[in-house]
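Student: Provided herewith is a single structure, encoded as structure tokens, for subsequent inquiry.
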Amino acid sequence: MCTVTCLASINIAVIKYWGKRDEVLILPVNDSISATLDTDHLHAKTTVMTSSTFKEDRIWLNGKEEDIKNPRLQNCLTQIRKRARNSNQWKVHICSENNFPTAAGLASSAAGYACLVVALAKLYQIEDDITSLARSGSGSACRSVMGGFVKWCMGSESNGADSIAKQIVPASHWPEMRILILVVNDTKKKISSSIGMKRTIETSDLMQHRIKHVLPNRVKIIEQAIIEKDFKTFAEHTIKDSNQMHAVCLDAYPPVIYMNDVSHTIINFVHAYNEAVNEVKVAYTFDAGPNATLYLLEENVPEFVGVLDHFFPPGINLEQYRKGLTFKEVINSQEL
Ligand code: ADP
Ligand code: DP6
Ligand code: CO
């Protein structure tokens, strides 16, 4: 028997991946940029085992057996076996746990598939780029294979060969950066990211404007802001990109709605705070769910959290994962 266990963290996009040009290969319509969190916090932990006694491939997620025939999973397994550098033909058993809510808009698919692919790549001794393997499980997963700020380049080849993720800077480049996640609702979302983005690309007119006229420039600006550690520019474009993603969702037909009243209250709160301090100190971003992720610098955490606690006392359906959510020391998909 051969066993590998790995950890991989979630990543939170500041330029959102929203829309595919190829549903099967998972090729996006735009470049996206995110930061990967430290594995001390929200992560997936996956163990993969092979044995001559296993009769079939099987997977357990959070203690419950799932259907191994899931096409995304099958895609990953087939591609990984094709690229295997050893002759291991045994069936594989996969056991994965997330230490945070699954399918609630907190990027579980990113941590989950990154972790699965990193573990299987070790098992099958694959050494070249594995971000494209993670991408075939869930698009956002390709960015969780690395730490720091990461860019997923959409690529132009029809087979997806150049649709891979690359690190822009390691976490040590901007060690003051902090992430605060405000969990508004941790139940499973009603519209998965895949379905939400498919409906958006098929029905939203605004989406074409976003892809053609907004993103190419925004990607360049935010990448430069990260390199120059220009928080104001970084924050403004992060906020605008989140709002634009949710605007194109609302422009879909029927509309795709992920944020709720509490999410909107958080948005107003962050803008009111930034105005009160006369500086852009906090940026918010929302994935496909009502939960807020805030980007801010370490020096501003105590004051902001104090004000936040005053207006959102703990326990009112707003749980905060705030225990030093730093990505200062990103340990990337580390083997245990
Ligand atoms: P999220 O916002 O949490 O990423 P998605 O709708 O994008 O939600 O994806 C959720 C799906 O990702 C789950 O239903 C499951 O199929 C897959 N997933 C989540 N965590 C893992 C994991 N640890 N291992 C394998 N697959 C996972
Ligand atoms: C809003 O990667 O979950 O989090 O590729 O269909 O699995 P699939 O979608 P997924 O979508 C993530 C959407 C997002 C934005 C982002 O992470 O860039
Ligand atoms: Co996801």
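Here, A, B, ... name the chains of the structure tokens in the order displayed, residue numbers run from 1 inside each chain, and ligands are numbered from 1 in the same displayed order.
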May I have the residues within 9 Å of ligand 1, computed using only C-alpha atoms and all ligand atoms, as an MDAnalysis selection string?

Tutor: chainID A and resid 10 43:46 59:62 66 70 72:73 94:98 101:116 137:141 188:195 287:289

Student: As number ranges by chain, please: every residue in segment 100-200 of chain A that a backbone DSSP assignment puts in strand (DSSP E).

Tutor: A: 148-152, 165-169, 177-183

Student: DSSP says alpha helix (DSSP H) for which residues of segment 17-265 of chain A? Put them as a ChimeraX atom specification?

Tutor: /A:71-82,108-123,131-135,193-203,206-209,215-228,231-251,261-265

Student: Can you list, as a list in words, every protein, DNA or RNA residue that comes within 12 Å of Gln224 of chain A when you count only C-alpha atoms, leaving out same-chain residues fewer than 3 positions away?

Tutor: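 Within the cut-off, the hits are Ile33, Phe149, Ile168, Val169, Asn217, Arg218, Val219, Lys220, Ile221, Ile227, Glu228, Lys229, Asp230, Phe231, Thr233, Phe234 and His237 of chain A.
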
Student: Just want the 12 Å neighbourhood of Lys82 of chain A, counted on only C-alpha atoms, with same-chain residues fewer than 3 positions away dropped. Output as a PyMOL selection string.

Tutor: chain A and resi 75-79+85-89+121+124-126+133

Student: Using all heavy atoms, can you export the residues from the last selection as a compact mmCIF listing (two decimals), in the first residue's frame?

Tutor:
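out-v8.txt, written as the output of this step:
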# COMPACT_ATOMS: atom_id res chain seq x y z
N ASN A 75 -12.23 13.29 -14.80
CA ASN A 75 -11.30 14.04 -15.64
C ASN A 75 -9.92 14.13 -15.01
O ASN A 75 -8.90 13.88 -15.65
CB ASN A 75 -11.83 15.48 -15.77
CG ASN A 75 -12.19 15.81 -17.17
OD1 ASN A 75 -11.81 15.07 -18.08
ND2 ASN A 75 -12.90 16.90 -17.35
N CYS A 76 -9.92 14.51 -13.73
CA CYS A 76 -8.64 14.65 -13.00
C CYS A 76 -7.91 13.32 -12.96
O CYS A 76 -6.72 13.24 -13.27
CB CYS A 76 -8.91 15.05 -11.55
SG CYS A 76 -9.10 16.77 -11.28
N LEU A 77 -8.63 12.26 -12.59
CA LEU A 77 -7.99 10.95 -12.44
C LEU A 77 -7.42 10.45 -13.77
O LEU A 77 -6.29 9.98 -13.84
CB LEU A 77 -9.00 9.93 -11.89
CG LEU A 77 -9.25 10.01 -10.38
CD1 LEU A 77 -10.45 9.15 -9.99
CD2 LEU A 77 -8.01 9.57 -9.60
N THR A 78 -8.19 10.62 -14.83
CA THR A 78 -7.74 10.15 -16.15
C THR A 78 -6.48 10.89 -16.57
O THR A 78 -5.49 10.28 -16.98
CB THR A 78 -8.85 10.38 -17.21
OG1 THR A 78 -10.05 9.86 -16.68
CG2 THR A 78 -8.53 9.73 -18.53
N GLN A 79 -6.53 12.22 -16.43
CA GLN A 79 -5.35 13.01 -16.87
C GLN A 79 -4.13 12.71 -16.02
O GLN A 79 -3.01 12.66 -16.53
CB GLN A 79 -5.66 14.49 -16.73
CG GLN A 79 -6.58 14.99 -17.80
CD GLN A 79 -6.64 16.50 -17.72
OE1 GLN A 79 -5.62 17.17 -17.65
NE2 GLN A 79 -7.84 17.03 -17.69
N ARG A 85 4.41 9.08 -13.86
CA ARG A 85 5.80 8.74 -14.18
C ARG A 85 6.18 7.37 -13.63
O ARG A 85 7.30 6.94 -13.77
CB ARG A 85 6.74 9.81 -13.60
CG ARG A 85 6.48 11.22 -14.12
CD ARG A 85 7.36 11.55 -15.31
NE ARG A 85 8.77 11.40 -14.99
CZ ARG A 85 9.54 12.36 -14.50
NH1 ARG A 85 9.02 13.55 -14.26
NH2 ARG A 85 10.81 12.15 -14.25
N ASN A 86 5.24 6.72 -12.94
CA ASN A 86 5.50 5.35 -12.49
C ASN A 86 4.40 4.45 -13.05
O ASN A 86 3.44 4.93 -13.66
CB ASN A 86 5.59 5.27 -10.96
CG ASN A 86 4.35 5.84 -10.28
OD1 ASN A 86 3.27 5.86 -10.86
ND2 ASN A 86 4.52 6.32 -9.07
N SER A 87 4.52 3.17 -12.82
CA SER A 87 3.58 2.25 -13.47
C SER A 87 2.52 1.75 -12.49
O SER A 87 2.07 0.62 -12.59
CB SER A 87 4.35 1.09 -14.08
OG SER A 87 5.15 0.53 -13.05
N ASN A 88 2.15 2.61 -11.55
CA ASN A 88 1.16 2.22 -10.56
C ASN A 88 -0.23 2.08 -11.22
O ASN A 88 -0.83 3.06 -11.63
CB ASN A 88 1.12 3.31 -9.46
CG ASN A 88 0.28 2.90 -8.29
OD1 ASN A 88 -0.59 2.04 -8.42
ND2 ASN A 88 0.56 3.50 -7.14
N GLN A 89 -0.71 0.86 -11.32
CA GLN A 89 -2.01 0.61 -11.98
C GLN A 89 -3.11 0.34 -10.96
O GLN A 89 -4.24 0.04 -11.32
CB GLN A 89 -1.88 -0.62 -12.90
CG GLN A 89 -0.86 -0.50 -14.01
CD GLN A 89 -1.28 0.51 -15.07
OE1 GLN A 89 -2.47 0.60 -15.39
NE2 GLN A 89 -0.34 1.28 -15.58
N ALA A 121 -0.41 13.80 -7.60
CA ALA A 121 0.82 14.04 -8.36
C ALA A 121 2.02 13.45 -7.61
O ALA A 121 2.95 12.92 -8.23
CB ALA A 121 1.01 15.53 -8.60
N TYR A 124 1.86 9.64 -8.08
CA TYR A 124 2.23 9.20 -9.43
C TYR A 124 3.51 9.87 -9.94
O TYR A 124 3.82 9.80 -11.12
CB TYR A 124 1.07 9.46 -10.41
CG TYR A 124 -0.14 8.57 -10.14
CD1 TYR A 124 -1.26 9.07 -9.50
CD2 TYR A 124 -0.13 7.22 -10.51
CE1 TYR A 124 -2.37 8.26 -9.25
CE2 TYR A 124 -1.23 6.41 -10.26
CZ TYR A 124 -2.35 6.94 -9.63
OH TYR A 124 -3.43 6.14 -9.38
N GLN A 125 4.18 10.57 -9.04
CA GLN A 125 5.49 11.18 -9.34
C GLN A 125 5.47 12.11 -10.56
O GLN A 125 6.36 12.09 -11.40
CB GLN A 125 6.55 10.09 -9.51
CG GLN A 125 6.75 9.33 -8.22
CD GLN A 125 7.59 8.08 -8.39
OE1 GLN A 125 7.49 7.38 -9.38
NE2 GLN A 125 8.42 7.81 -7.40
N ILE A 126 4.42 12.95 -10.62
CA ILE A 126 4.34 13.93 -11.70
C ILE A 126 5.07 15.19 -11.24
O ILE A 126 4.78 15.70 -10.15
CB ILE A 126 2.87 14.25 -12.03
CG1 ILE A 126 2.15 12.98 -12.47
CG2 ILE A 126 2.77 15.34 -13.11
CD1 ILE A 126 0.66 13.11 -12.56
N LEU A 133 -3.89 20.41 -14.12
CA LEU A 133 -4.63 19.25 -13.62
C LEU A 133 -5.66 19.71 -12.59
O LEU A 133 -6.81 19.27 -12.58
CB LEU A 133 -3.67 18.24 -12.97
CG LEU A 133 -2.67 17.56 -13.89
CD1 LEU A 133 -1.65 16.75 -13.10
CD2 LEU A 133 -3.39 16.65 -14.88

Student: Would you mind telling me which residue in A:Pro216, A:Pro302, A:Gly196, A:Pro313 lies nearest to ligand 3 when using only C-alpha atoms and all ligand atoms?

Tutor: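 The closest residue to ligand 3 is A:Gly196.
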
Student: Which residues are near Leu42 of chain A? Cut-off 7 Å, only C-alpha atoms, ignore same chain within fewer than 5 positions. Put them as a ChimeraX atom specification.

Tutor: /A:9-10,99-100

Student: Keeping C-alpha atoms for every residue in the selection just given, could you write it to a file as an mmCIF file, in the first residue's frame?

Tutor:
data_model
loop_
_atom_site.group_PDB
_atom_site.id
_atom_site.type_symbol
_atom_site.label_atom_id
_atom_site.label_comp_id
_atom_site.auth_asym_id
_atom_site.auth_seq_id
_atom_site.Cartn_x
_atom_site.Cartn_y
_atom_site.Cartn_z
ATOM 1 C CA SER A 9 -5.656 26.248 1.405
ATOM 2 C CA ILE A 10 -8.407 28.258 -0.126
ATOM 3 C CA ASN A 99 -11.987 22.312 8.068
ATOM 4 C CA PHE A 100 -14.591 24.877 6.953
#

Student: Given only C-alpha atoms and all ligand atoms as the basis, pick out the residue of A:Val117, A:Met197, A:Cys6, A:Val92 nearest to ligand 3.

Tutor: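 Nearest to ligand 3: A:Met197.
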
Student: What separation in Å, quoted to one decimal, exists between atom CA of Asn300 of chain A and atom CA of Glu176 of chain A?

Tutor: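 So the answer is 9.8 Å.
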
Student: Can you tell me, as a PyMOL selection string, what residues are no more than 12 Å from Gly148 of chain A when counting only C-alpha atoms, ignoring any on the same chain fewer than 5 positions away?

Tutor: chain A and resi 9-13+33-39+143+165-175+177-178+226-227+326-332

Student: Just N, CA, C and O atoms for this one: save the residues we selected as a compact mmCIF listing (two decimals), in the first residue's frame.

Tutor:
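That gives us selection.txt:
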# COMPACT_ATOMS: atom_id res chain seq x y z
N SER A 9 -4.77 25.20 0.88
CA SER A 9 -5.66 26.25 1.40
C SER A 9 -6.56 26.81 0.34
O SER A 9 -6.29 26.68 -0.85
N ILE A 10 -7.53 27.55 0.81
CA ILE A 10 -8.41 28.26 -0.13
C ILE A 10 -7.65 29.46 -0.70
O ILE A 10 -6.64 29.90 -0.14
N ASN A 11 -8.14 29.98 -1.81
CA ASN A 11 -7.62 31.26 -2.31
C ASN A 11 -8.83 32.16 -2.52
O ASN A 11 -9.94 31.68 -2.78
N ILE A 12 -8.62 33.45 -2.35
CA ILE A 12 -9.72 34.41 -2.54
C ILE A 12 -9.35 35.36 -3.67
O ILE A 12 -8.36 36.10 -3.57
N ALA A 13 -10.15 35.33 -4.74
CA ALA A 13 -9.83 36.12 -5.92
C ALA A 13 -10.12 37.60 -5.72
O ALA A 13 -11.12 37.98 -5.11
N ILE A 33 -6.92 36.77 -10.64
CA ILE A 33 -5.82 36.94 -9.67
C ILE A 33 -6.37 36.72 -8.27
O ILE A 33 -7.47 37.17 -7.94
N SER A 34 -5.59 36.01 -7.44
CA SER A 34 -6.05 35.75 -6.07
C SER A 34 -4.86 35.66 -5.13
O SER A 34 -3.70 35.63 -5.56
N ALA A 35 -5.16 35.58 -3.83
CA ALA A 35 -4.14 35.28 -2.82
C ALA A 35 -4.52 33.95 -2.17
O ALA A 35 -5.70 33.69 -1.91
N THR A 36 -3.50 33.14 -1.93
CA THR A 36 -3.74 31.85 -1.27
C THR A 36 -3.44 32.01 0.22
O THR A 36 -2.42 32.59 0.60
N LEU A 37 -4.34 31.51 1.05
CA LEU A 37 -4.15 31.65 2.50
C LEU A 37 -3.13 30.66 3.03
O LEU A 37 -2.84 29.65 2.40
N ASP A 38 -2.68 30.95 4.20
CA ASP A 38 -1.83 30.08 4.98
C ASP A 38 -2.59 28.77 5.30
O ASP A 38 -3.77 28.82 5.62
N THR A 39 -1.93 27.64 5.25
CA THR A 39 -2.64 26.37 5.52
C THR A 39 -3.05 26.20 6.98
O THR A 39 -3.72 25.25 7.32
N ARG A 143 -5.24 28.01 -8.83
CA ARG A 143 -4.54 29.08 -8.11
C ARG A 143 -4.16 28.68 -6.69
O ARG A 143 -3.35 29.36 -6.06
N ALA A 165 -1.66 28.48 -13.97
CA ALA A 165 -1.50 29.52 -12.94
C ALA A 165 -0.02 29.75 -12.65
O ALA A 165 0.78 28.82 -12.72
N LYS A 166 0.30 31.03 -12.35
CA LYS A 166 1.69 31.38 -12.04
C LYS A 166 1.71 32.30 -10.83
O LYS A 166 0.83 33.16 -10.71
N GLN A 167 2.73 32.17 -10.02
CA GLN A 167 2.84 33.06 -8.86
C GLN A 167 3.27 34.46 -9.33
O GLN A 167 4.24 34.58 -10.09
N ILE A 168 2.58 35.49 -8.85
CA ILE A 168 3.01 36.87 -9.16
C ILE A 168 4.10 37.25 -8.17
O ILE A 168 5.19 37.69 -8.55
N VAL A 169 3.79 37.08 -6.89
CA VAL A 169 4.79 37.32 -5.82
C VAL A 169 4.51 36.33 -4.69
O VAL A 169 3.36 35.94 -4.47
N PRO A 170 5.54 35.94 -3.94
CA PRO A 170 5.28 35.07 -2.78
C PRO A 170 4.64 35.89 -1.66
O PRO A 170 4.70 37.13 -1.69
N ALA A 171 4.09 35.22 -0.68
CA ALA A 171 3.42 35.93 0.43
C ALA A 171 4.40 36.85 1.16
O ALA A 171 4.01 37.90 1.67
N SER A 172 5.66 36.49 1.18
CA SER A 172 6.67 37.29 1.89
C SER A 172 6.86 38.68 1.25
O SER A 172 7.40 39.58 1.87
N HIS A 173 6.38 38.85 0.02
CA HIS A 173 6.50 40.14 -0.67
C HIS A 173 5.66 41.22 0.03
O HIS A 173 6.04 42.38 0.07
N TRP A 174 4.51 40.80 0.56
CA TRP A 174 3.60 41.76 1.21
C TRP A 174 3.16 41.16 2.55
O TRP A 174 1.99 40.81 2.74
N PRO A 175 4.12 41.04 3.49
CA PRO A 175 3.82 40.30 4.72
C PRO A 175 2.79 40.98 5.61
O PRO A 175 2.23 40.36 6.51
N MET A 177 -0.07 42.03 4.67
CA MET A 177 -1.44 41.82 4.18
C MET A 177 -2.19 40.83 5.07
O MET A 177 -1.64 39.82 5.48
N ARG A 178 -3.44 41.16 5.37
CA ARG A 178 -4.28 40.28 6.18
C ARG A 178 -5.61 40.05 5.48
O ARG A 178 -6.08 40.90 4.72
N ILE A 226 -0.04 45.13 -6.82
CA ILE A 226 0.49 44.08 -5.93
C ILE A 226 2.02 44.17 -5.90
O ILE A 226 2.64 44.15 -4.84
N ILE A 227 2.61 44.32 -7.07
CA ILE A 227 4.07 44.38 -7.15
C ILE A 227 4.59 45.62 -6.40
O ILE A 227 5.58 45.55 -5.65
N THR A 326 -3.62 35.34 8.25
CA THR A 326 -2.56 36.01 7.52
C THR A 326 -2.11 35.07 6.42
O THR A 326 -2.31 33.87 6.52
N PHE A 327 -1.57 35.59 5.40
CA PHE A 327 -0.93 34.65 4.49
C PHE A 327 0.55 34.97 4.45
O PHE A 327 1.24 34.86 3.49
N LYS A 328 1.00 35.37 5.65
CA LYS A 328 2.40 35.73 5.82
C LYS A 328 3.32 34.55 5.55
O LYS A 328 4.32 34.67 4.88
N GLU A 329 2.94 33.42 6.09
CA GLU A 329 3.81 32.26 5.88
C GLU A 329 3.01 31.19 5.15
O GLU A 329 2.55 30.25 5.76
N VAL A 330 2.81 31.41 3.92
CA VAL A 330 2.00 30.45 3.18
C VAL A 330 2.79 29.17 3.02
O VAL A 330 3.88 29.17 2.48
N ILE A 331 2.24 28.12 3.55
CA ILE A 331 2.87 26.82 3.35
C ILE A 331 2.02 26.18 2.29
O ILE A 331 0.85 25.92 2.49
N ASN A 332 2.59 26.02 1.15
CA ASN A 332 1.77 25.66 0.00
C ASN A 332 1.64 24.16 -0.14
O ASN A 332 2.62 23.47 -0.29

Student: Atom CA of Val305 of chain A and atom CA of Leu180 of chain A are how many Å apart?

Tutor: 9.3 Å

Student: May I ask for the distance between atom CA of Lys151 of chain A and atom CA of Leu297 of chain A, given in Å to one decimal place?

Tutor: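 Distance between the two atoms: 21.0 Å.
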
Student: Go through A:Ser144, A:Gln208, A:Ser51, A:Thr265 one by one, measure the shortest atom-to-atom distance of each to ligand 3 using only C-alpha atoms and all ligand atoms, and give the residue with the smallest value.

Tutor: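 Among A:Ser144, A:Gln208, A:Ser51, A:Thr265, it is A:Ser144 that comes nearest to ligand 3.
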
Student: Quick one: residues within 12 Å of segment 273-277 of chain A, only C-alpha atoms, excluding same-chain residues fewer than 2 positions away - as a VMD selection string?

Tutor: chain A and resid 232 235 to 236 266 to 271 279 to 284 296 300 303 to 308 311
